[in-house]
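K.L.:
If it helps, the file is called my_file-v5.pdb and holds PDB, C-alpha atoms (C1' of nucleotides):
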```
MODEL        1
ATOM      1  CA  MET A1179     -19.744-120.882 149.837
ATOM      2  CA  ARG A1180     -17.829-118.805 152.340
ATOM      3  CA  ILE A1181     -14.356-119.330 153.681
ATOM      4  CA  GLY A1182     -15.298-121.459 156.654
ATOM      5  CA  GLU A1183     -17.058-124.040 154.559
ATOM      6  CA  LEU A1184     -14.269-124.096 152.024
ATOM      7  CA  ALA A1185     -11.779-124.619 154.795
ATOM      8  CA  ARG A1186     -13.729-127.542 156.150
ATOM      9  CA  ARG A1187     -14.348-129.132 152.799
ATOM     10  CA  SER A1188     -10.803-128.777 151.548
ATOM     11  CA  GLY A1189      -9.108-129.534 154.824
ATOM     12  CA  VAL A1190      -7.097-126.321 154.707
ATOM     13  CA  SER A1191      -7.108-123.590 157.328
ATOM     14  CA  GLU A1192      -8.792-120.269 156.717
ATOM     15  CA  ARG A1193      -5.438-118.655 157.257
ATOM     16  CA  SER A1194      -4.007-120.622 154.371
ATOM     17  CA  LEU A1195      -6.896-119.768 152.094
ATOM     18  CA  ARG A1196      -6.351-116.083 152.676
ATOM     19  CA  TYR A1197      -2.664-116.624 152.145
ATOM     20  CA  TYR A1198      -3.341-118.351 148.831
ATOM     21  CA  GLU A1199      -5.399-115.403 147.747
ATOM     22  CA  ALA A1200      -2.637-113.002 148.702
ATOM     23  CA  GLN A1201      -0.263-115.101 146.620
ATOM     24  CA  GLY A1202      -2.572-114.946 143.645
ATOM     25  CA  LEU A1203      -3.430-118.617 143.729
ATOM     26  CA  LEU A1204      -7.097-118.365 144.556
ATOM     27  CA  ARG A1205      -9.608-115.716 143.594
ATOM     28  CA  ALA A1206     -12.774-114.968 145.466
ATOM     29  CA  GLU A1207     -15.843-112.919 144.817
ATOM     30  CA  ARG A1208     -16.825-110.575 147.581
ATOM     31  CA  THR A1209     -20.158-109.971 149.197
ATOM     32  CA  PRO A1210     -21.200-106.322 149.526
ATOM     33  CA  GLY A1211     -19.841-106.470 153.035
ATOM     34  CA  GLY A1212     -16.457-107.760 151.952
ATOM     35  CA  HIS A1213     -16.762-111.436 152.800
ATOM     36  CA  ARG A1214     -15.224-113.938 150.409
ATOM     37  CA  GLU A1215     -17.554-116.031 148.309
ATOM     38  CA  TYR A1216     -16.349-119.168 146.545
ATOM     39  CA  GLY A1217     -17.877-121.429 143.921
ATOM     40  CA  GLU A1218     -17.728-125.200 143.923
ATOM     41  CA  TRP A1219     -14.642-125.127 141.765
ATOM     42  CA  ALA A1220     -12.684-123.752 144.688
ATOM     43  CA  VAL A1221     -12.495-127.074 146.490
ATOM     44  CA  ASP A1222     -10.656-128.812 143.674
ATOM     45  CA  ARG A1223      -8.485-125.795 143.200
ATOM     46  CA  VAL A1224      -7.407-125.735 146.814
ATOM     47  CA  VAL A1225      -6.678-129.432 146.809
ATOM     48  CA  ARG A1226      -4.564-129.010 143.714
ATOM     49  CA  ILE A1227      -2.683-126.170 145.337
ATOM     50  CA  GLN A1228      -1.983-128.355 148.329
ATOM     51  CA  VAL A1229      -0.694-131.156 146.178
ATOM     52  CA  LEU A1230       1.638-128.809 144.350
ATOM     53  CA  TYR A1231       2.908-127.356 147.612
ATOM     54  CA  ALA A1232       3.526-130.876 148.815
ATOM     55  CA  ALA A1233       5.619-131.445 145.743
ATOM     56  CA  GLY A1234       7.895-128.645 146.826
ATOM     57  CA  LEU A1235       6.775-125.921 144.442
ATOM     58  CA  ASN A1236       6.609-122.470 145.935
ATOM     59  CA  SER A1237       3.807-119.960 145.616
ATOM     60  CA  LYS A1238       5.321-118.146 142.693
ATOM     61  CA  LYS A1239       5.713-121.234 140.552
ATOM     62  CA  ILE A1240       2.260-122.464 141.427
ATOM     63  CA  ALA A1241       0.869-119.083 140.493
ATOM     64  CA  GLN A1242       2.505-119.336 137.091
ATOM     65  CA  LEU A1243       1.449-122.905 136.647
ATOM     66  CA  LEU A1244      -2.191-122.830 137.655
ATOM     67  CA  PRO A1245      -3.548-120.793 134.735
ATOM     68  CA  CYS A1246      -2.078-123.388 132.386
ATOM     69  CA  VAL A1247      -3.796-126.335 134.036
ATOM     70  CA  ARG A1248      -6.944-127.726 132.547
ATOM     71  CA  ASP A1249      -9.666-127.097 135.060
ATOM     72  CA  ALA A1250     -12.283-129.636 135.919
ATOM     73  CA  ASP A1251     -14.760-127.829 133.719
ATOM     74  CA  GLY A1252     -12.875-126.822 130.647
ATOM     75  CA  ARG A1253      -9.664-125.835 128.987
ATOM     76  CA  PRO A1254      -6.618-124.073 130.356
ATOM     77  CA  ASN A1255      -6.756-120.313 130.375
ATOM     78  CA  GLU A1256      -3.199-119.915 129.248
ATOM     79  CA  ILE A1257      -0.522-121.845 127.463
ATOM     80  CA  ALA A1258       2.791-122.129 129.208
ATOM     81  CA  THR A1259       5.525-119.981 127.750
ATOM     82  CA  PRO A1260       8.760-121.674 126.706
ATOM     83  CA  ALA A1261      10.483-120.219 129.750
ATOM     84  CA  LEU A1262       7.817-121.646 132.003
ATOM     85  CA  VAL A1263       8.035-124.993 130.274
ATOM     86  CA  GLU A1264      11.733-125.024 130.995
ATOM     87  CA  THR A1265      11.097-124.262 134.639
ATOM     88  CA  LEU A1266       8.435-126.892 134.882
ATOM     89  CA  THR A1267      10.606-129.470 133.207
ATOM     90  CA  ALA A1268      13.262-128.801 135.817
ATOM     91  CA  GLU A1269      10.627-129.156 138.514
ATOM     92  CA  ARG A1270       9.460-132.419 137.053
ATOM     93  CA  ASP A1271      12.998-133.731 137.099
ATOM     94  CA  ARG A1272      13.312-132.629 140.693
ATOM     95  CA  ILE A1273      10.084-134.379 141.524
ATOM     96  CA  ASN A1274      11.344-137.542 139.890
ATOM     97  CA  ARG A1275      14.477-137.426 141.992
ATOM     98  CA  MET A1276      12.308-136.732 144.991
ATOM     99  CA  ILE A1277      10.240-139.819 144.309
ATOM    100  CA  THR A1278      13.396-141.882 144.016
ATOM    101  CA  ASP A1279      14.597-140.529 147.339
ATOM    102  CA  LEU A1280      11.257-141.188 148.944
ATOM    103  CA  LEU A1281      11.297-144.781 147.778
ATOM    104  CA  ARG A1282      14.754-145.161 149.265
ATOM    105  CA  SER A1283      13.610-143.615 152.517
ATOM    106  CA  ARG A1284      10.661-145.932 152.600
ATOM    107  CA  ASP A1285      12.987-148.854 152.107
ATOM    108  CA  VAL A1286      15.083-147.674 155.033
ATOM    109  CA  LEU A1287      12.000-147.406 157.223
ATOM    110  CA  ASP A1288      10.704-150.757 156.064
ATOM    111  CA  GLU A1289      13.953-152.422 156.900
ATOM    112  CA  VAL A1290      14.054-150.973 160.380
ATOM    113  CA  ILE A1291      10.432-151.868 160.966
ATOM    114  CA  ASP A1292      10.898-155.396 159.665
ATOM    115  CA  THR A1293      14.042-155.928 161.688
ATOM    116  CA  ALA A1294      12.247-154.844 164.817
ATOM    117  CA  SER A1295       9.301-157.065 164.016
ATOM    118  CA  GLU A1296      11.546-160.083 163.704
ATOM    119  CA  ASN A1297      13.046-159.474 167.092
ATOM    120  CA  THR A1298       9.977-158.216 168.869
ATOM    121  CA  ILE A1299       7.729-160.600 167.042
ATOM    122  CA  THR A1300       4.097-160.565 167.943
ATOM    123  CA  ARG A1301       4.125-162.949 170.833
ATOM    124  CA  PRO A1302       0.499-163.979 171.620
ATOM    125  CA  ALA A1303       1.653-165.453 174.940
ATOM    126  CA  SER A1304       0.246-168.738 173.764
ATOM    127  CA  LEU A1305       3.154-169.546 171.544
ATOM    128  CA  ALA A1306       6.781-170.005 172.396
ATOM    129  CA  SER A1307       9.523-169.464 169.861
TER     130      SER A1307
ATOM    131  CA  MET B1258      39.014-137.094 156.012
ATOM    132  CA  ARG B1259      38.245-133.630 157.313
ATOM    133  CA  ILE B1260      35.081-131.647 157.035
ATOM    134  CA  GLY B1261      35.894-129.912 153.769
ATOM    135  CA  GLU B1262      36.422-133.131 151.893
ATOM    136  CA  LEU B1263      33.327-134.691 153.385
ATOM    137  CA  ALA B1264      31.333-131.664 152.340
ATOM    138  CA  ARG B1265      32.588-131.916 148.800
ATOM    139  CA  ARG B1266      32.127-135.633 148.525
ATOM    140  CA  SER B1267      28.668-135.702 150.059
ATOM    141  CA  GLY B1268      27.446-132.513 148.459
ATOM    142  CA  VAL B1269      26.427-131.051 151.800
ATOM    143  CA  SER B1270      27.693-127.785 153.250
ATOM    144  CA  GLU B1271      30.109-127.721 156.139
ATOM    145  CA  ARG B1272      27.519-125.777 158.045
ATOM    146  CA  SER B1273      25.066-128.611 157.678
ATOM    147  CA  LEU B1274      27.626-131.213 158.705
ATOM    148  CA  ARG B1275      28.260-129.355 161.948
ATOM    149  CA  TYR B1276      24.541-129.044 162.400
ATOM    150  CA  TYR B1277      24.100-132.758 161.946
ATOM    151  CA  GLU B1278      26.672-133.351 164.622
ATOM    152  CA  ALA B1279      24.910-130.963 166.962
ATOM    153  CA  GLN B1280      21.712-132.890 166.329
ATOM    154  CA  GLY B1281      23.396-136.163 167.150
ATOM    155  CA  LEU B1282      23.195-137.521 163.623
ATOM    156  CA  LEU B1283      26.874-137.675 162.829
ATOM    157  CA  ARG B1284      29.790-138.333 165.105
ATOM    158  CA  ALA B1285      33.333-137.252 164.393
ATOM    159  CA  GLU B1286      36.694-138.005 165.908
ATOM    160  CA  ARG B1287      38.775-135.010 166.757
ATOM    161  CA  THR B1288      42.409-134.261 166.011
ATOM    162  CA  PRO B1289      44.475-133.056 168.964
ATOM    163  CA  GLY B1290      43.784-129.543 167.723
ATOM    164  CA  GLY B1291      40.037-130.052 167.678
ATOM    165  CA  HIS B1292      39.435-130.554 163.982
ATOM    166  CA  ARG B1293      36.817-133.091 162.973
ATOM    167  CA  GLU B1294      38.055-136.307 161.418
ATOM    168  CA  TYR B1295      35.708-138.616 159.519
ATOM    169  CA  GLY B1296      36.037-142.135 158.185
ATOM    170  CA  GLU B1297      34.845-143.322 154.810
ATOM    171  CA  TRP B1298      31.554-144.416 156.336
ATOM    172  CA  ALA B1299      30.644-140.792 156.841
ATOM    173  CA  VAL B1300      29.866-140.188 153.181
ATOM    174  CA  ASP B1301      27.159-142.824 153.053
ATOM    175  CA  ARG B1302      25.861-141.672 156.382
ATOM    176  CA  VAL B1303      25.498-138.081 155.272
ATOM    177  CA  VAL B1304      23.804-139.106 152.056
ATOM    178  CA  ARG B1305      21.380-141.214 154.037
ATOM    179  CA  ILE B1306      20.676-138.303 156.348
ATOM    180  CA  GLN B1307      19.940-136.111 153.371
ATOM    181  CA  VAL B1308      17.584-138.644 151.899
ATOM    182  CA  LEU B1309      15.695-138.904 155.157
ATOM    183  CA  TYR B1310      15.491-135.151 155.460
ATOM    184  CA  ALA B1311      14.155-135.044 151.934
ATOM    185  CA  ALA B1312      11.468-137.464 153.006
ATOM    186  CA  GLY B1313      10.294-134.956 155.561
ATOM    187  CA  LEU B1314      11.666-136.532 158.704
ATOM    188  CA  ASN B1315      13.048-134.090 161.206
ATOM    189  CA  SER B1316      16.335-134.302 163.073
ATOM    190  CA  LYS B1317      14.879-135.948 166.111
ATOM    191  CA  LYS B1318      13.279-138.785 164.235
ATOM    192  CA  ILE B1319      16.348-139.318 162.121
ATOM    193  CA  ALA B1320      18.418-139.443 165.271
ATOM    194  CA  GLN B1321      16.189-142.163 166.656
ATOM    195  CA  LEU B1322      16.120-144.013 163.401
ATOM    196  CA  LEU B1323      19.756-144.075 162.383
ATOM    197  CA  PRO B1324      21.068-146.419 165.097
ATOM    198  CA  CYS B1325      18.555-148.991 163.927
ATOM    199  CA  VAL B1326      19.660-148.931 160.317
ATOM    200  CA  ARG B1327      21.987-151.590 159.034
ATOM    201  CA  ASP B1328      25.169-149.813 158.085
ATOM    202  CA  ALA B1329      27.090-150.592 154.943
ATOM    203  CA  ASP B1330      29.504-152.648 156.967
ATOM    204  CA  GLY B1331      27.465-154.598 159.414
ATOM    205  CA  ARG B1332      24.437-154.907 161.578
ATOM    206  CA  PRO B1333      22.274-152.283 163.219
ATOM    207  CA  ASN B1334      23.445-151.064 166.590
ATOM    208  CA  GLU B1335      19.992-151.007 168.040
ATOM    209  CA  ILE B1336      16.602-152.522 167.496
ATOM    210  CA  ALA B1337      13.714-150.136 167.194
ATOM    211  CA  THR B1338      11.462-150.018 170.224
ATOM    212  CA  PRO B1339       7.755-150.659 169.700
ATOM    213  CA  ALA B1340       7.072-146.965 170.157
ATOM    214  CA  LEU B1341       9.595-146.099 167.498
ATOM    215  CA  VAL B1342       8.162-148.701 165.176
ATOM    216  CA  GLU B1343       4.799-147.076 165.580
ATOM    217  CA  THR B1344       6.248-143.696 164.742
ATOM    218  CA  LEU B1345       8.107-145.053 161.756
ATOM    219  CA  THR B1346       5.031-146.829 160.482
ATOM    220  CA  ALA B1347       3.184-143.540 160.576
ATOM    221  CA  GLU B1348       6.050-141.914 158.736
ATOM    222  CA  ARG B1349       6.006-144.624 156.125
ATOM    223  CA  ASP B1350       2.316-144.063 155.565
ATOM    224  CA  ARG B1351       2.968-140.371 155.254
ATOM    225  CA  ILE B1352       5.708-141.063 152.735
ATOM    226  CA  ASN B1353       3.359-143.242 150.738
ATOM    227  CA  ARG B1354       0.829-140.456 150.620
ATOM    228  CA  MET B1355       3.614-138.108 149.672
ATOM    229  CA  ILE B1356       4.586-140.322 146.771
ATOM    230  CA  THR B1357       0.993-140.394 145.606
ATOM    231  CA  ASP B1358       0.851-136.620 145.745
ATOM    232  CA  LEU B1359       4.120-136.342 143.905
ATOM    233  CA  LEU B1360       2.880-138.564 141.133
ATOM    234  CA  ARG B1361      -0.211-136.417 140.840
ATOM    235  CA  SER B1362       1.890-133.273 140.750
ATOM    236  CA  ARG B1363       4.069-134.777 138.099
ATOM    237  CA  ASP B1364       0.979-135.548 136.069
ATOM    238  CA  VAL B1365      -0.128-131.935 136.370
ATOM    239  CA  LEU B1366       3.248-130.727 135.205
ATOM    240  CA  ASP B1367       3.364-133.226 132.391
ATOM    241  CA  GLU B1368      -0.002-132.118 131.141
ATOM    242  CA  VAL B1369       0.963-128.471 131.125
ATOM    243  CA  ILE B1370       4.246-129.243 129.422
ATOM    244  CA  ASP B1371       2.604-131.427 126.827
ATOM    245  CA  THR B1372      -0.137-128.913 126.134
ATOM    246  CA  ALA B1373       2.452-126.220 125.605
ATOM    247  CA  SER B1374       4.482-128.480 123.364
ATOM    248  CA  GLU B1375       1.497-129.133 121.173
ATOM    249  CA  ASN B1376       0.845-125.442 120.686
ATOM    250  CA  THR B1377       4.403-124.189 120.615
ATOM    251  CA  ILE B1378       5.601-127.174 118.735
ATOM    252  CA  THR B1379       9.233-127.158 117.736
ATOM    253  CA  ARG B1380       9.073-125.012 114.668
ATOM    254  CA  PRO B1381      12.344-125.340 112.708
ATOM    255  CA  ALA B1382      11.459-122.239 110.659
ATOM    256  CA  SER B1383      11.503-124.451 107.612
ATOM    257  CA  LEU B1384       8.063-125.866 108.276
ATOM    258  CA  ALA B1385       4.758-124.114 108.381
ATOM    259  CA  SER B1386       1.801-125.495 110.282
TER     260      SER B1386
ATOM    261  C1'  DG C 861      58.909-120.486 161.630
ATOM    262  C1'  DT C 862      55.770-118.582 158.686
ATOM    263  C1'  DA C 863      52.101-117.869 155.449
ATOM    264  C1'  DG C 864      47.891-119.136 153.847
ATOM    265  C1'  DA C 865      44.403-122.577 153.614
ATOM    266  C1'  DA C 866      41.212-124.867 156.331
ATOM    267  C1'  DG C 867      38.764-125.491 160.562
ATOM    268  C1'  DT C 868      36.694-123.905 165.066
ATOM    269  C1'  DT C 869      32.746-121.813 167.862
ATOM    270  C1'  DG C 870      29.099-118.554 168.325
ATOM    271  C1'  DA C 871      25.720-115.563 166.960
ATOM    272  C1'  DC C 872      22.459-113.672 164.024
ATOM    273  C1'  DA C 873      19.722-113.761 159.522
ATOM    274  C1'  DT C 874      16.768-116.017 156.230
ATOM    275  C1'  DT C 875      12.963-118.324 154.087
ATOM    276  C1'  DG C 876       8.050-119.592 153.450
ATOM    277  C1'  DA C 877       3.926-121.380 154.708
ATOM    278  C1'  DC C 878       1.540-121.081 158.017
ATOM    279  C1'  DG C 879      -0.471-120.240 163.546
ATOM    280  C1'  DT C 880      -2.427-116.995 166.447
ATOM    281  C1'  DC C 881      -4.307-113.043 168.461
ATOM    282  C1'  DA C 882      -6.679-108.465 168.538
ATOM    283  C1'  DG C 883     -10.061-105.380 167.367
ATOM    284  C1'  DA C 884     -13.451-104.135 164.122
ATOM    285  C1'  DT C 885     -17.176-105.422 160.814
ATOM    286  C1'  DT C 886     -20.736-108.249 158.645
ATOM    287  C1'  DC C 887     -24.036-111.819 158.329
ATOM    288  C1'  DA C 888     -28.200-114.521 159.612
ATOM    289  C1'  DA C 889     -31.835-115.717 162.685
ATOM    290  C1'  DG C 890     -35.213-114.496 165.986
TER     291       DG C 890
ATOM    292  C1'  DC D 949     -32.916-104.401 166.514
ATOM    293  C1'  DT D 950     -30.225-107.378 168.715
ATOM    294  C1'  DT D 951     -27.196-110.940 169.382
ATOM    295  C1'  DG D 952     -23.876-114.322 168.514
ATOM    296  C1'  DA D 953     -21.424-116.636 164.908
ATOM    297  C1'  DA D 954     -18.602-115.801 161.098
ATOM    298  C1'  DT D 955     -15.447-113.010 158.722
ATOM    299  C1'  DC D 956     -12.365-109.128 157.929
ATOM    300  C1'  DT D 957      -7.462-106.902 158.104
ATOM    301  C1'  DG D 958      -3.039-106.478 160.010
ATOM    302  C1'  DA D 959       0.628-107.666 162.755
ATOM    303  C1'  DC D 960       3.658-110.600 164.977
ATOM    304  C1'  DG D 961       5.320-115.413 166.159
ATOM    305  C1'  DT D 962       7.053-120.024 164.729
ATOM    306  C1'  DC D 963       9.837-123.680 163.064
ATOM    307  C1'  DA D 964      13.852-125.951 161.170
ATOM    308  C1'  DA D 965      17.502-126.370 158.256
ATOM    309  C1'  DT D 966      20.882-123.689 156.546
ATOM    310  C1'  DG D 967      23.410-119.206 155.013
ATOM    311  C1'  DT D 968      26.600-115.930 156.577
ATOM    312  C1'  DC D 969      29.844-113.355 159.068
ATOM    313  C1'  DA D 970      33.355-112.557 162.677
ATOM    314  C1'  DA D 971      37.217-113.500 165.400
ATOM    315  C1'  DC D 972      40.207-116.952 166.477
ATOM    316  C1'  DT D 973      42.993-121.399 166.060
ATOM    317  C1'  DT D 974      45.051-125.254 163.727
ATOM    318  C1'  DC D 975      47.078-127.569 160.052
ATOM    319  C1'  DT D 976      50.325-128.091 156.089
ATOM    320  C1'  DA D 977      53.875-126.979 152.873
ATOM    321  C1'  DC D 978      57.793-124.671 152.222
TER     322       DC D 978
ENDMDL
END
```
Show how you would write the structure in this file as structure tokens.

P.N.:
Amino acid sequence: MRIGELARRSGVSERSLRYYEAQGLLRAERTPGGHREYGEWAVDRVVRIQVLYAAGLNSKKIAQLLPCVRDADGRPNEIATPALVETLTAERDRINRMITDLLRSRDVLDEVIDTASENTITRPASLAS
Amino acid sequence: MRIGELARRSGVSERSLRYYEAQGLLRAERTPGGHREYGEWAVDRVVRIQVLYAAGLNSKKIAQLLPCVRDADGRPNEIATPALVETLTAERDRINRMITDLLRSRDVLDEVIDTASENTITRPASLAS
DNA sequence: GTAGAAGTTGACATTGACGTCAGATTCAAG
DNA sequence: CTTGAATCTGACGTCAATGTCAACTTCTAC
């Protein structure tokens, strides 16, 4: 498929796809005329990239990480080096702290929402308090 | 306490504390000379601000949200308006999706780490494979 | 009062993943 | 071949929190 279809199917802008390629995260074949050509695998790949970005990893770390991930089809292309494992372990710890923080934030939001709901309770106009 | 101590105790730079004030997230008394003076409550407040930032809320939303949060001491100063509740509900949903993504990212990292550990297993030089 | 630490405002820089636009080229259908 | 949609490269803009530096003022301990 070409870049437009991939963008639609993965929910990522064409700009971002080209950016991913520039960062070494996503390879593409080229037509004789220079247009990018992607296989089906690209959709999963792009989604995975998005998820990793969302977890706060930057392009460089994702680029190091991706070759070590088991693709949908087969086995990883590379095994993480000890140095990379150390980095990734640190990232995992950061992600764990991030999850903790997110749960706390959600609690804060829930409390505010609940408090408001109690005071501005759904009042169907047919019921008095 | 003054800004330096608050920065140390909350783990946030002085620069950020002044920024928070400029954004309306953090109020400070002033000494006659113009130096900021904070109460003990400020530490919790700053930590909460950080947590909300980490959850991807921007200054504006945090500014709207904070008055509606029950402080350590007492009750909320304001009740969220219906419009704010709607916004916060959307944010909560976003946070939930974020948590899901984070868990998936963590799984990816775990797999890579585990795969590497299996192949580069701790080899105490006294054991052969 | 004086020195040095700490604080003040203001401005500019940075970072990274994009958005956006321009101008040229390629592709696909008739 | 032509035409319009899709794609290409390259450059510049954005956003938001924070770093950083400069020049100045205030606080605190002696």

K.L.:
Any chance you could tabulate, as JSON lines, the residues of chain C at most 10 Å from chain A with each one's nearest atom pair and distance in Å to one decimal, using all atoms listed in the file, in chain and rising number order?

P.N.:
```
{"residue": "C:DG876", "atom": "C1'", "partner": "A:Asn1236", "partner_atom": "CA", "distance": 8.2}
{"residue": "C:DA877", "atom": "C1'", "partner": "A:Ser1194", "partner_atom": "CA", "distance": 8.0}
{"residue": "C:DC878", "atom": "C1'", "partner": "A:Ser1194", "partner_atom": "CA", "distance": 6.7}
{"residue": "C:DG879", "atom": "C1'", "partner": "A:Arg1193", "partner_atom": "CA", "distance": 8.2}
{"residue": "C:DT880", "atom": "C1'", "partner": "A:Arg1193", "partner_atom": "CA", "distance": 9.8}
{"residue": "C:DT885", "atom": "C1'", "partner": "A:Gly1211", "partner_atom": "CA", "distance": 8.3}
{"residue": "C:DT886", "atom": "C1'", "partner": "A:Gly1211", "partner_atom": "CA", "distance": 6.0}
{"residue": "C:DC887", "atom": "C1'", "partner": "A:Gly1211", "partner_atom": "CA", "distance": 8.6}
```

K.L.:
For the file shown, report as number ranges by chain the outcome of the PyMOL selection byres ((chain A) within 10 of (chain B)) at residue level.

P.N.:
A: 1226-1235, 1243-1248, 1254, 1256-1260, 1262-1267, 1269-1274, 1276-1298

K.L.:
Residues of chain D near chain B: apply a cut-off of 9 Å, count all atoms listed in the file, and supply the list as a PDB file with C-alpha atoms (C1' of nucleotides), in the frame of the given file.

P.N.:
```pdb
ATOM      1  C1'  DA D 964      13.852-125.951 161.170  1.00  0.00           C
ATOM      2  C1'  DA D 965      17.502-126.370 158.256  1.00  0.00           C
ATOM      3  C1'  DT D 966      20.882-123.689 156.546  1.00  0.00           C
ATOM      4  C1'  DG D 967      23.410-119.206 155.013  1.00  0.00           C
ATOM      5  C1'  DT D 973      42.993-121.399 166.060  1.00  0.00           C
ATOM      6  C1'  DT D 974      45.051-125.254 163.727  1.00  0.00           C
ATOM      7  C1'  DC D 975      47.078-127.569 160.052  1.00  0.00           C
TER       8       DC D 975
END
```

K.L.:
I need the residue set behind the PyMOL selection byres ((chain C and resi 863) around 10) for this file; please write it as a list in words.

P.N.:
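Those residues are DG861, DT862, DG864 and DA865 of chain C; DA977 and DC978 of chain D.
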
K.L.:
What separation in Å, quoted to one decimal, exists between CA of Leu1204 in chain A and CA of Glu1183 in chain A?

P.N.:
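Going from CA of Leu1204 in chain A over to CA of Glu1183 in chain A, I get 15.2 Å.
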
K.L.:
Nearest residue to Arg1180 in chain A out of D:DT955, D:DT950, D:DT968, D:DT962, using only C-alpha atoms (C1' of nucleotides)?

P.N.:
D:DT955

K.L.:
Give me, please, the distance in Å between CA of Arg1287 in chain B and C1' of DC872 in chain C, quoted to one decimal.

P.N.:
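Between CA of Arg1287 in chain B and C1' of DC872 in chain C the gap works out to 27.0 Å.
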
K.L.:
Give as a short mmCIF file (atom, residue, chain, number, x, y, z; two decimals) with C-alpha atoms (C1' of nucleotides), in the frame of the given file the residues that the PyMOL selection byres ((chain D and resi 953) around 9) matches when applied to the coordinates above.

P.N.:
```cif
data_model
loop_
_atom_site.label_atom_id
_atom_site.label_comp_id
_atom_site.auth_asym_id
_atom_site.auth_seq_id
_atom_site.Cartn_x
_atom_site.Cartn_y
_atom_site.Cartn_z
"C1'" DC C 887 -24.04 -111.82 158.33
"C1'" DA C 888 -28.20 -114.52 159.61
"C1'" DG D 952 -23.88 -114.32 168.51
"C1'" DA D 954 -18.60 -115.80 161.10
#
```

K.L.:
One decimal, Å: what's the distance from CA of Glu1286 in chain B over to C1' of DA970 in chain D, could you say?

P.N.:
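Going from CA of Glu1286 in chain B over to C1' of DA970 in chain D covers 25.9 Å.
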
K.L.:
Give as a PyMOL selection string each residue that has an atom at most 10 Å from (36.9, -137.4, 154.6) in the file, counting all atoms listed in the file.

P.N.:
chain B and resi 1258-1267+1293-1300

K.L.:
Env of DA971 in chain D: 12 Å cut, atoms = only C-alpha atoms (C1' of nucleotides), seq-sep filter 4 positions within chain, self excluded. Answer as a PyMOL selection string.

P.N.:
chain C and resi 868-871

K.L.:
So, counting all atoms listed in the file, which residue among B:Ala1347, B:Ile1319, B:Ala1340, B:Val1303 is closest to Val1269 in chain B?

P.N.:
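For Val1269 in chain B, the nearest of the candidates is B:Val1303.
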